[in-house]
Structure formats: C-alpha cells, structure tokens
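Chemist: JSON, C-alpha atoms and all ligand atoms, saved as query-v7.json, coming up:
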[["chain", "number", "residue", "atom", "x", "y", "z"],
["G", 24, "MET", "CA", 101.93, 93.72, 116.22],
["G", 25, "THR", "CA", 101.55, 94.95, 119.76],
["G", 26, "THR", "CA", 105.15, 94.81, 120.94],
["G", 27, "PRO", "CA", 106.16, 98.24, 122.26],
["G", 28, "HIS", "CA", 108.64, 99.83, 119.96],
["G", 29, "HIS", "CA", 110.73, 102.91, 120.45],
["G", 30, "TRP", "CA", 112.00, 104.83, 117.51],
["G", 31, "ALA", "CA", 115.67, 105.60, 117.59],
["G", 32, "PRO", "CA", 116.29, 109.31, 117.98],
["G", 33, "VAL", "CA", 117.46, 110.93, 114.80],
["G", 34, "SER", "CA", 119.88, 113.81, 114.93],
["G", 35, "ARG", "CA", 118.50, 116.94, 113.41],
["G", 36, "CYS", "CA", 120.89, 118.93, 111.27],
["G", 37, "ASP", "CA", 120.24, 122.26, 109.70],
["G", 38, "VAL", "CA", 117.66, 121.48, 107.02],
["G", 39, "ALA", "CA", 115.11, 124.15, 106.29],
["G", 40, "SER", "CA", 111.95, 122.17, 105.71],
["G", 41, "LEU", "CA", 110.26, 118.88, 105.01],
["G", 42, "THR", "CA", 107.32, 118.81, 102.61],
["G", 43, "VAL", "CA", 104.88, 116.09, 101.60],
["G", 44, "THR", "CA", 102.83, 116.40, 98.42],
["G", 45, "VAL", "CA", 99.81, 114.25, 97.60],
["G", 46, "LEU", "CA", 99.88, 112.58, 94.17],
["G", 47, "GLY", "CA", 96.72, 110.59, 94.75],
["G", 48, "SER", "CA", 94.12, 110.30, 97.50],
["G", 49, "CYS", "CA", 91.81, 107.44, 96.49],
["G", 50, "GLY", "CA", 91.75, 103.93, 97.86],
["G", 51, "ALA", "CA", 90.80, 100.91, 95.75],
["G", 52, "TRP", "CA", 90.43, 102.69, 92.36],
["G", 53, "PRO", "CA", 90.62, 106.33, 91.26],
["G", 54, "GLU", "CA", 87.78, 108.83, 90.98],
["G", 55, "PRO", "CA", 87.52, 111.08, 87.89],
["G", 56, "GLY", "CA", 90.35, 113.61, 88.00],
["G", 57, "ARG", "CA", 92.02, 111.92, 90.93],
["G", 58, "ALA", "CA", 94.53, 109.09, 91.42],
["G", 59, "CYS", "CA", 95.21, 106.26, 93.83],
["G", 60, "SER", "CA", 97.76, 106.31, 96.64],
["G", 61, "GLY", "CA", 101.00, 108.22, 96.14],
["G", 62, "LEU", "CA", 103.02, 110.77, 98.09],
["G", 63, "VAL", "CA", 106.28, 112.63, 97.52],
["G", 64, "VAL", "CA", 108.34, 113.69, 100.54],
["G", 65, "GLU", "CA", 110.96, 116.35, 99.84],
["G", 66, "ALA", "CA", 113.76, 117.96, 101.82],
["G", 67, "ASP", "CA", 116.90, 119.78, 100.88],
["G", 68, "GLY", "CA", 116.31, 119.31, 97.13],
["G", 69, "ALA", "CA", 115.85, 115.53, 97.35],
["G", 70, "ALA", "CA", 112.71, 113.41, 97.23],
["G", 71, "VAL", "CA", 111.40, 110.06, 98.44],
["G", 72, "LEU", "CA", 108.35, 108.49, 96.82],
["G", 73, "LEU", "CA", 105.79, 106.64, 98.96],
["G", 74, "ASP", "CA", 103.54, 104.38, 96.84],
["G", 75, "LEU", "CA", 102.75, 104.80, 93.15],
["G", 76, "GLY", "CA", 99.16, 103.73, 92.57],
["G", 77, "TRP", "CA", 97.04, 104.08, 89.44],
["G", 78, "GLY", "CA", 97.21, 107.55, 87.94],
["G", 79, "THR", "CA", 100.10, 108.86, 90.03],
["G", 80, "LEU", "CA", 103.05, 108.59, 87.61],
["G", 81, "PRO", "CA", 102.19, 111.55, 85.33],
["G", 82, "ARG", "CA", 101.61, 113.64, 88.44],
["G", 83, "LEU", "CA", 104.97, 112.57, 89.88],
["G", 84, "LEU", "CA", 106.83, 113.49, 86.70],
["G", 85, "THR", "CA", 105.07, 116.83, 86.51],
["G", 86, "HIS", "CA", 105.77, 117.56, 90.15],
["G", 87, "LEU", "CA", 109.47, 116.74, 89.82],
["G", 88, "ASP", "CA", 109.60, 118.51, 86.41],
["G", 89, "SER", "CA", 111.47, 115.51, 85.04],
["G", 90, "ALA", "CA", 110.40, 112.87, 82.49],
["G", 91, "VAL", "CA", 112.57, 110.32, 84.32],
["G", 92, "ALA", "CA", 111.78, 111.36, 87.90],
["G", 93, "ALA", "CA", 115.26, 112.78, 88.43],
["G", 94, "GLY", "CA", 115.77, 113.85, 92.03],
["G", 95, "LEU", "CA", 114.23, 110.74, 93.57],
["G", 96, "GLU", "CA", 116.47, 109.27, 96.28],
["G", 97, "ALA", "CA", 114.34, 106.20, 96.94],
["G", 98, "VAL", "CA", 110.96, 104.56, 96.45],
["G", 99, "VAL", "CA", 108.93, 102.92, 99.21],
["G", 100, "ILE", "CA", 105.97, 100.73, 98.22],
["G", 101, "THR", "CA", 103.91, 99.73, 101.22],
["G", 102, "HIS", "CA", 102.26, 96.59, 99.83],
["G", 103, "ASP", "CA", 101.32, 94.58, 96.79],
["G", 104, "HIS", "CA", 97.94, 95.99, 95.87],
["G", 105, "PRO", "CA", 97.55, 97.85, 92.57],
["G", 106, "ASP", "CA", 96.06, 100.99, 94.11],
["G", 107, "HIS", "CA", 99.58, 101.39, 95.58],
["G", 108, "THR", "CA", 101.75, 99.85, 92.83],
["G", 109, "GLY", "CA", 99.84, 100.31, 89.57],
["G", 110, "ASP", "CA", 102.18, 102.89, 88.00],
["G", 111, "LEU", "CA", 105.46, 101.31, 89.15],
["G", 112, "ALA", "CA", 105.90, 99.53, 85.80],
["G", 113, "GLY", "CA", 105.58, 102.93, 84.12],
["G", 114, "LEU", "CA", 108.39, 104.34, 86.26],
["G", 115, "LEU", "CA", 110.51, 101.31, 85.33],
["G", 116, "ARG", "CA", 110.00, 102.00, 81.64],
["G", 117, "ALA", "CA", 110.66, 105.74, 81.95],
["G", 118, "ARG", "CA", 113.98, 105.07, 83.70],
["G", 119, "TRP", "CA", 114.98, 102.16, 81.42],
["G", 120, "TYR", "CA", 114.25, 103.83, 78.10],
["G", 121, "ALA", "CA", 114.99, 107.46, 78.93],
["G", 122, "GLY", "CA", 117.06, 107.55, 82.10],
["G", 123, "ARG", "CA", 119.81, 104.95, 81.69],
["G", 124, "ASP", "CA", 122.48, 107.26, 82.95],
["G", 125, "LEU", "CA", 120.76, 107.48, 86.34],
["G", 126, "PRO", "CA", 122.00, 105.20, 89.12],
["G", 127, "PRO", "CA", 119.77, 102.34, 90.35],
["G", 128, "LEU", "CA", 116.97, 103.65, 92.53],
["G", 129, "PRO", "CA", 116.72, 102.12, 96.02],
["G", 130, "LEU", "CA", 113.34, 100.35, 96.18],
["G", 131, "PHE", "CA", 111.99, 99.38, 99.59],
["G", 132, "CYS", "CA", 109.00, 97.03, 99.41],
["G", 133, "PRO", "CA", 107.78, 93.55, 100.30],
["G", 134, "SER", "CA", 109.09, 90.86, 97.94],
["G", 135, "ALA", "CA", 105.62, 90.37, 96.44],
["G", 136, "VAL", "CA", 105.75, 93.87, 94.95],
["G", 137, "PHE", "CA", 109.05, 93.18, 93.20],
["G", 138, "GLU", "CA", 107.87, 89.77, 92.00],
["G", 139, "ARG", "CA", 104.68, 91.21, 90.54],
["G", 140, "LEU", "CA", 106.63, 93.89, 88.72],
["G", 141, "ALA", "CA", 108.77, 91.14, 87.20],
["G", 142, "ALA", "CA", 105.60, 89.31, 86.12],
["G", 143, "VAL", "CA", 104.17, 92.46, 84.51],
["G", 144, "GLU", "CA", 107.39, 93.10, 82.62],
["G", 145, "LYS", "CA", 108.06, 89.58, 81.37],
["G", 146, "GLY", "CA", 111.68, 89.36, 80.33],
["G", 147, "GLY", "CA", 112.39, 92.68, 81.98],
["G", 148, "GLY", "CA", 114.97, 91.37, 84.42],
["G", 149, "LEU", "CA", 117.78, 93.38, 82.91],
["G", 150, "ALA", "CA", 115.74, 96.57, 83.10],
["G", 151, "MET", "CA", 114.67, 95.86, 86.68],
["G", 152, "ALA", "CA", 118.23, 95.26, 87.81],
["G", 153, "HIS", "CA", 119.37, 98.42, 86.08],
["G", 154, "VAL", "CA", 116.57, 100.68, 87.29],
["G", 155, "PHE", "CA", 115.91, 99.42, 90.81],
["G", 156, "ASP", "CA", 118.10, 98.40, 93.72],
["G", 157, "TRP", "CA", 115.62, 96.28, 95.68],
["G", 158, "ARG", "CA", 116.28, 96.51, 99.43],
["G", 159, "GLY", "CA", 113.32, 94.61, 100.92],
["G", 160, "THR", "CA", 111.80, 96.08, 104.11],
["G", 161, "PRO", "CA", 114.59, 96.72, 106.61],
["G", 162, "ASP", "CA", 113.71, 98.29, 109.96],
["G", 163, "THR", "CA", 115.73, 101.38, 109.10],
["G", 164, "ALA", "CA", 117.62, 102.85, 106.17],
["G", 165, "GLU", "CA", 119.47, 106.04, 105.29],
["G", 166, "VAL", "CA", 118.86, 107.52, 101.87],
["G", 167, "GLY", "CA", 120.29, 110.92, 101.07],
["G", 168, "ALA", "CA", 118.98, 113.45, 103.56],
["G", 169, "PHE", "CA", 116.36, 111.04, 104.86],
["G", 170, "HIS", "CA", 116.19, 108.48, 107.64],
["G", 171, "LEU", "CA", 113.55, 105.82, 106.92],
["G", 172, "SER", "CA", 111.90, 103.56, 109.49],
["G", 173, "LEU", "CA", 109.65, 100.77, 108.26],
["G", 174, "ARG", "CA", 107.18, 98.85, 110.37],
["G", 175, "GLN", "CA", 104.84, 95.95, 109.65],
["G", 176, "LEU", "CA", 101.15, 96.85, 109.86],
["G", 177, "PRO", "CA", 98.17, 94.50, 109.51],
["G", 178, "HIS", "CA", 96.55, 94.23, 106.07],
["G", 179, "TYR", "CA", 95.37, 91.50, 103.70],
["G", 180, "VAL", "CA", 98.96, 91.14, 102.46],
["G", 181, "ASP", "CA", 102.45, 91.92, 103.78],
["G", 182, "ASN", "CA", 102.33, 95.67, 104.43],
["G", 183, "VAL", "CA", 104.71, 98.24, 105.90],
["G", 184, "GLY", "CA", 104.12, 101.71, 107.27],
["G", 185, "VAL", "CA", 106.99, 104.17, 106.97],
["G", 186, "ARG", "CA", 108.43, 107.13, 108.86],
["G", 187, "VAL", "CA", 110.50, 109.62, 106.89],
["G", 188, "THR", "CA", 112.67, 111.90, 108.99],
["G", 189, "SER", "CA", 114.91, 114.76, 107.93],
["G", 190, "GLY", "CA", 116.47, 117.51, 109.95],
["G", 191, "ALA", "CA", 113.20, 119.41, 109.81],
["G", 192, "GLY", "CA", 110.89, 116.76, 111.24],
["G", 193, "THR", "CA", 109.04, 113.51, 110.65],
["G", 194, "ILE", "CA", 106.29, 112.43, 108.30],
["G", 195, "ALA", "CA", 104.68, 109.04, 108.95],
["G", 196, "TYR", "CA", 102.44, 107.08, 106.55],
["G", 197, "THR", "CA", 100.46, 103.94, 107.21],
["G", 198, "GLY", "CA", 99.81, 102.63, 103.74],
["G", 199, "ASP", "CA", 96.71, 100.48, 104.36],
["G", 200, "THR", "CA", 96.22, 99.12, 107.84],
["G", 201, "GLY", "CA", 93.77, 97.66, 110.24],
["G", 202, "PRO", "CA", 93.51, 99.12, 113.76],
["G", 203, "ASP", "CA", 96.54, 98.12, 115.80],
["G", 204, "ASP", "CA", 98.82, 99.45, 118.52],
["G", 205, "ALA", "CA", 101.58, 99.50, 115.91],
["G", 206, "VAL", "CA", 99.78, 102.30, 114.07],
["G", 207, "ALA", "CA", 100.07, 104.60, 117.08],
["G", 208, "GLU", "CA", 103.73, 103.66, 117.43],
["G", 209, "LEU", "CA", 104.35, 104.38, 113.75],
["G", 210, "GLY", "CA", 102.97, 107.89, 114.14],
["G", 211, "ARG", "CA", 104.61, 108.64, 117.49],
["G", 212, "ASP", "CA", 105.14, 112.45, 117.72],
["G", 213, "ALA", "CA", 105.08, 112.78, 113.93],
["G", 214, "ASP", "CA", 104.74, 116.28, 112.53],
["G", 215, "VAL", "CA", 102.35, 114.94, 109.90],
["G", 216, "PHE", "CA", 100.69, 111.53, 110.27],
["G", 217, "ILE", "CA", 99.16, 110.33, 107.00],
["G", 218, "VAL", "CA", 96.56, 107.67, 107.77],
["G", 219, "ASP", "CA", 94.27, 105.31, 105.89],
["G", 220, "ALA", "CA", 90.66, 106.55, 106.23],
["G", 221, "THR", "CA", 88.91, 104.17, 103.84],
["G", 222, "ASP", "CA", 85.50, 104.62, 105.54],
["G", 223, "ARG", "CA", 83.77, 101.89, 103.53],
["G", 224, "HIS", "CA", 80.71, 102.19, 105.69],
["G", 225, "GLN", "CA", 79.81, 105.66, 104.40],
["G", 226, "GLN", "CA", 77.99, 104.37, 101.33],
["G", 227, "ASP", "CA", 75.27, 101.76, 101.08],
["G", 228, "GLY", "CA", 76.12, 98.68, 99.04],
["G", 229, "VAL", "CA", 79.89, 98.81, 99.43],
["G", 230, "PRO", "CA", 81.09, 95.28, 100.13],
["G", 231, "SER", "CA", 82.52, 94.94, 103.59],
["G", 232, "ALA", "CA", 85.60, 92.92, 104.35],
["G", 233, "GLU", "CA", 85.08, 89.20, 103.92],
["G", 234, "ALA", "CA", 83.22, 87.61, 106.84],
["G", 235, "GLY", "CA", 85.56, 86.22, 109.44],
["G", 236, "THR", "CA", 88.52, 88.41, 108.50],
["G", 237, "PRO", "CA", 89.64, 91.19, 110.79],
["G", 238, "ALA", "CA", 89.36, 94.84, 109.79],
["G", 239, "TYR", "CA", 92.22, 95.54, 107.43],
["G", 240, "ASN", "CA", 91.48, 99.19, 106.75],
["G", 241, "LEU", "CA", 90.60, 102.07, 109.07],
["G", 242, "THR", "CA", 87.65, 104.36, 109.47],
["G", 243, "ALA", "CA", 88.35, 108.06, 109.83],
["G", 244, "ALA", "CA", 87.25, 107.83, 113.46],
["G", 245, "GLU", "CA", 89.81, 105.11, 114.09],
["G", 246, "ALA", "CA", 92.44, 107.21, 112.29],
["G", 247, "GLY", "CA", 91.65, 110.07, 114.67],
["G", 248, "GLN", "CA", 91.87, 107.83, 117.72],
["G", 249, "LEU", "CA", 95.21, 106.35, 116.68],
["G", 250, "ALA", "CA", 96.67, 109.74, 115.74],
["G", 251, "GLU", "CA", 95.65, 111.07, 119.16],
["G", 252, "ARG", "CA", 97.34, 108.12, 120.86],
["G", 253, "ALA", "CA", 100.42, 108.78, 118.73],
["G", 254, "ARG", "CA", 100.46, 112.45, 119.83],
["G", 255, "ALA", "CA", 100.92, 113.41, 116.19],
["G", 256, "ARG", "CA", 100.84, 117.13, 115.48],
["G", 257, "ARG", "CA", 98.72, 116.99, 112.33],
["G", 258, "LEU", "CA", 96.59, 114.22, 110.84],
["G", 259, "LEU", "CA", 96.30, 113.94, 107.06],
["G", 260, "LEU", "CA", 93.52, 111.54, 106.08],
["G", 261, "THR", "CA", 93.87, 109.66, 102.78],
["G", 262, "HIS", "CA", 92.88, 106.49, 100.89],
["G", 263, "PHE", "CA", 89.23, 107.53, 100.66],
["G", 264, "TRP", "CA", 86.77, 105.06, 99.18],
["G", 265, "PRO", "CA", 85.68, 106.51, 95.80],
["G", 266, "GLY", "CA", 82.55, 108.61, 96.14],
["G", 267, "ASN", "CA", 82.94, 109.16, 99.86],
["G", 268, "HIS", "CA", 82.00, 112.42, 101.56],
["G", 269, "ARG", "CA", 85.44, 113.52, 102.64],
["G", 270, "GLU", "CA", 84.28, 116.35, 104.85],
["G", 271, "ARG", "CA", 82.29, 113.80, 106.84],
["G", 272, "SER", "CA", 85.52, 111.81, 107.27],
["G", 273, "ARG", "CA", 87.24, 114.93, 108.56],
["G", 274, "GLN", "CA", 84.48, 115.50, 111.12],
["G", 275, "ASP", "CA", 84.61, 111.87, 112.24],
["G", 276, "ALA", "CA", 88.39, 112.06, 112.79],
["G", 277, "ALA", "CA", 88.23, 115.48, 114.46],
["G", 278, "ALA", "CA", 85.89, 114.07, 117.12],
["G", 279, "HIS", "CA", 88.85, 112.02, 118.36],
["G", 280, "PHE", "CA", 91.94, 114.05, 117.41],
["G", 281, "SER", "CA", 92.86, 117.32, 119.08],
["G", 282, "GLY", "CA", 95.18, 118.63, 116.34],
["G", 283, "ASP", "CA", 94.42, 119.78, 112.79],
["G", 284, "VAL", "CA", 92.77, 117.22, 110.52],
["G", 285, "LEU", "CA", 93.66, 117.68, 106.85],
["G", 286, "LEU", "CA", 92.14, 115.91, 103.85],
["G", 287, "ALA", "CA", 94.39, 114.52, 101.14],
["G", 288, "ASP", "CA", 93.73, 116.15, 97.78],
["G", 289, "GLU", "CA", 95.70, 115.74, 94.56],
["G", 290, "GLY", "CA", 98.42, 118.42, 94.51],
["G", 291, "LEU", "CA", 98.10, 119.33, 98.19],
["G", 292, "SER", "CA", 101.47, 120.08, 99.84],
["G", 293, "VAL", "CA", 102.03, 120.19, 103.59],
["G", 294, "THR", "CA", 105.30, 121.60, 104.95],
["G", 295, "VAL", "CA", 106.79, 120.86, 108.34],
["G", 301, "ZN", "ZN", 94.78, 100.49, 99.20]]
Would you mind writing the file's structure down as structure tokens?

Modeler:
Amino acid sequence: MTTPHHWAPVSRCDVASLTVTVLGSCGAWPEPGRACSGLVVEADGAAVLLDLGWGTLPRLLTHLDSAVAAGLEAVVITHDHPDHTGDLAGLLRARWYAGRDLPPLPLFCPSAVFERLAAVEKGGGLAMAHVFDWRGTPDTAEVGAFHLSLRQLPHYVDNVGVRVTSGAGTIAYTGDTGPDDAVAELGRDADVFIVDATDRHQQDGVPSAEAGTPAYNLTAAEAGQLAERARARRLLLTHFWPGNHRERSRQDAAAHFSGDVLLADEGLSVTV
C-alpha cells in the first residue's frame, strides 16, 4: 500500500466543466431524510456513478431525470459493503425491466460485489449479463469523456479508491479507507478530494473497530492530513457516522488542511 505511484498525465481537451453531486452522505446506515454513499460525476452531458448505497437509487433517477438512469457511462462500486452497494440490485431491475434497449453498463468493482448481486438476484444471470458489463478493478479505464484510475485502499474487504478525470479536472474518491500513503497518492493534486470521515469516536457507545484490527476508516482529522499531503484543492468530507456533528468534523479537518473543507450533503453539487 505504500509503493510510490505516479498517475499518468491525462490530456485535457476542451470540456467546460466537471461536476460531482452527492446522492448520499452517511456511512454504515442512513439517517432520516438522507442516504448512504453515492456520488454522480458529470461532464459534457455524460455521467459516472460512484457507489450506490441504501437510499441512493431514487435520488440518482431523479437527478438524471430518467427512470432507467439513461446517461450513465459507467458504474464504479468501491467495495462489497451494503452502505455502498445496497441499491445496485434496484438499478439492475430498472434497466432489465424498463431499459432493455440500453447497452450493457460498464461496472467496475471487486468480484465480491458482482457475486453478491448474483446472490441477491437468484436466477438473475441473464439480467446481469444484459445490464452490466463487469470489468473488475483495472488500474485505468476510459469510459466516454472520462479517464478512470482505480487504486487499492485498506479496508475490511477488497476496496478501491477512484480518480475520475475529464478535460476540466480531477475528482478523487476514497470509498472507505484506513490511513495509508496510498490515500494521499489517490488524491494527488485533485480538484476535489472526497474522503471518508467516519469519525466513530464522536459519540459515546459507538463500537470501535474490532480489537487487534487496524483502523479501516478515517477520522476527519486524518482526512484533512491526507488531503494536505495530496495537495488537493478542495476536501469534501463524507461517510459520516449517523448522528455525528458534521460541523465538528469540518473543524477537525480544517485544522490540518489549508484549502476549503466542504461537507457532503444530499443534493450538494460541486463544480470544477
Ligand atoms: Zn461504508
């Protein structure tokens, strides 16, 4: 996880903007009125989805103004935990029953995500093959107007962070991660670095990680430190433990990060 890594330069063509919109901002399970992890990155009329946790699918369809999520170029699922995958079976059904004329959607994710989806939809192999074009987790991929870079990050299960680059800039997203040099490399010079800020310690009685296991999520302070090392331009904190005081997380991150610290909020859009 600590091997130095240099991102290949990506040529920047004439694309006006790159926007990320938050579908859900909660880690673990959703708060009332909110949803779990999910982000839409858009450029030049095309979109890439990053995670689709509980409660995010209706928000995705509303945002894209399409009952079948038309306009999506690809889906990236960072890891096999339901706060990041919970609504993926719903997207499968929407595309299978109502969007059969759409081409298979490139799906980048660890194999465990694809296998769990198959287990949820028993006998759904035909639908899965029709709806999704599973690509695994390659180091890089080109989808539409986007260049994707995926990188392994430490978590309880196989987990990838992702950089999405268009002609307008780069948005990087950790998924869930423990502290690691690879996090700073993932966010290197990103215009917006979206980072796990679970902050379990904020509330009394929240179970900590199992004894003897390393930290597999970040505090907001760690997110700020890693974003500063990455020289990211803006830090967008997300994956808040339900009930957390998010403004406190912002202050903790801002003590370590010299750029703007933003808080994920359902419906928030940030444009590069
Ligand atoms: Zn999570």

Chemist: Determine the nearest neighbour of ligand ZN 301 (chain G) from the options G:Glu245, G:Asp199, G:Asp103, G:Asp156, counting only C-alpha atoms and all ligand atoms.

Modeler: G:Asp199

Chemist: Can you measure atom CA of Ile194 of chain G to atom CA of Gly78 of chain G for me? One decimal in Å is fine.

Modeler: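 These two atoms are separated by 22.8 Å.
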
Chemist: Fewer than 3 positions away in the same chain doesn't count, so skip those; otherwise give me all residues within 9 Å of Tyr179 of chain G, counting all atoms listed in the file, as a PyMOL selection string.

Modeler: chain G and resi 182+200+236+239

Chemist: Return as a ChimeraX atom specification every polymer residue, whether protein, DNA or RNA, with at least one atom no more than 12 Å from an atom of ligand ZN 301 (chain G); count all atoms listed in the file.

Modeler: /G:47-53,58-61,74-77,100-109,178-180,182,197-201,218-223,239-241,261-265

Chemist: Restricting the calculation to all atoms listed in the file: of G:Ser40, G:Asp214, G:Leu115, G:His279, which residue gets closest to Gly148 of chain G?

Modeler: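 Smallest separation from Gly148 of chain G among the options: G:Leu115.
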
Chemist: Would you list the contacts of segment 88-93 of chain G as a PyMOL selection string, taking every protein, DNA or RNA residue within 6 Å and counting all atoms listed in the file, but skipping same-chain residues closer than 5 positions in sequence?

Modeler: chain G and resi 117-118+122

Chemist: So that I can see what lies close to Ala97 of chain G, please list as a list in words the residues with an atom at most 8 Å from it, counting all atoms listed in the file and leaving out residues fewer than 6 positions away in the same chain.

Modeler: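 Skipping anything fewer than 6 positions along the chain leaves Ala70, Val71, Leu72, Leu128, Pro129, Leu130, Phe131 and Val166 of chain G.
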
Chemist: Measuring atom to atom with only C-alpha atoms, identify which of G:Gly290, G:Leu249, G:Asn267, G:Gly192 is nearest to Val229 of chain G.

Modeler: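 So, comparing all the options, the nearest one is G:Asn267.
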
Chemist: Kindly indicate which residue among G:Gly282, G:Glu165, G:Pro127, G:Leu41 lies nearest to Thr193 of chain G, using all atoms listed in the file for the distances.

Modeler: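 With all atoms listed in the file as the atom set, the closest residue is G:Leu41.
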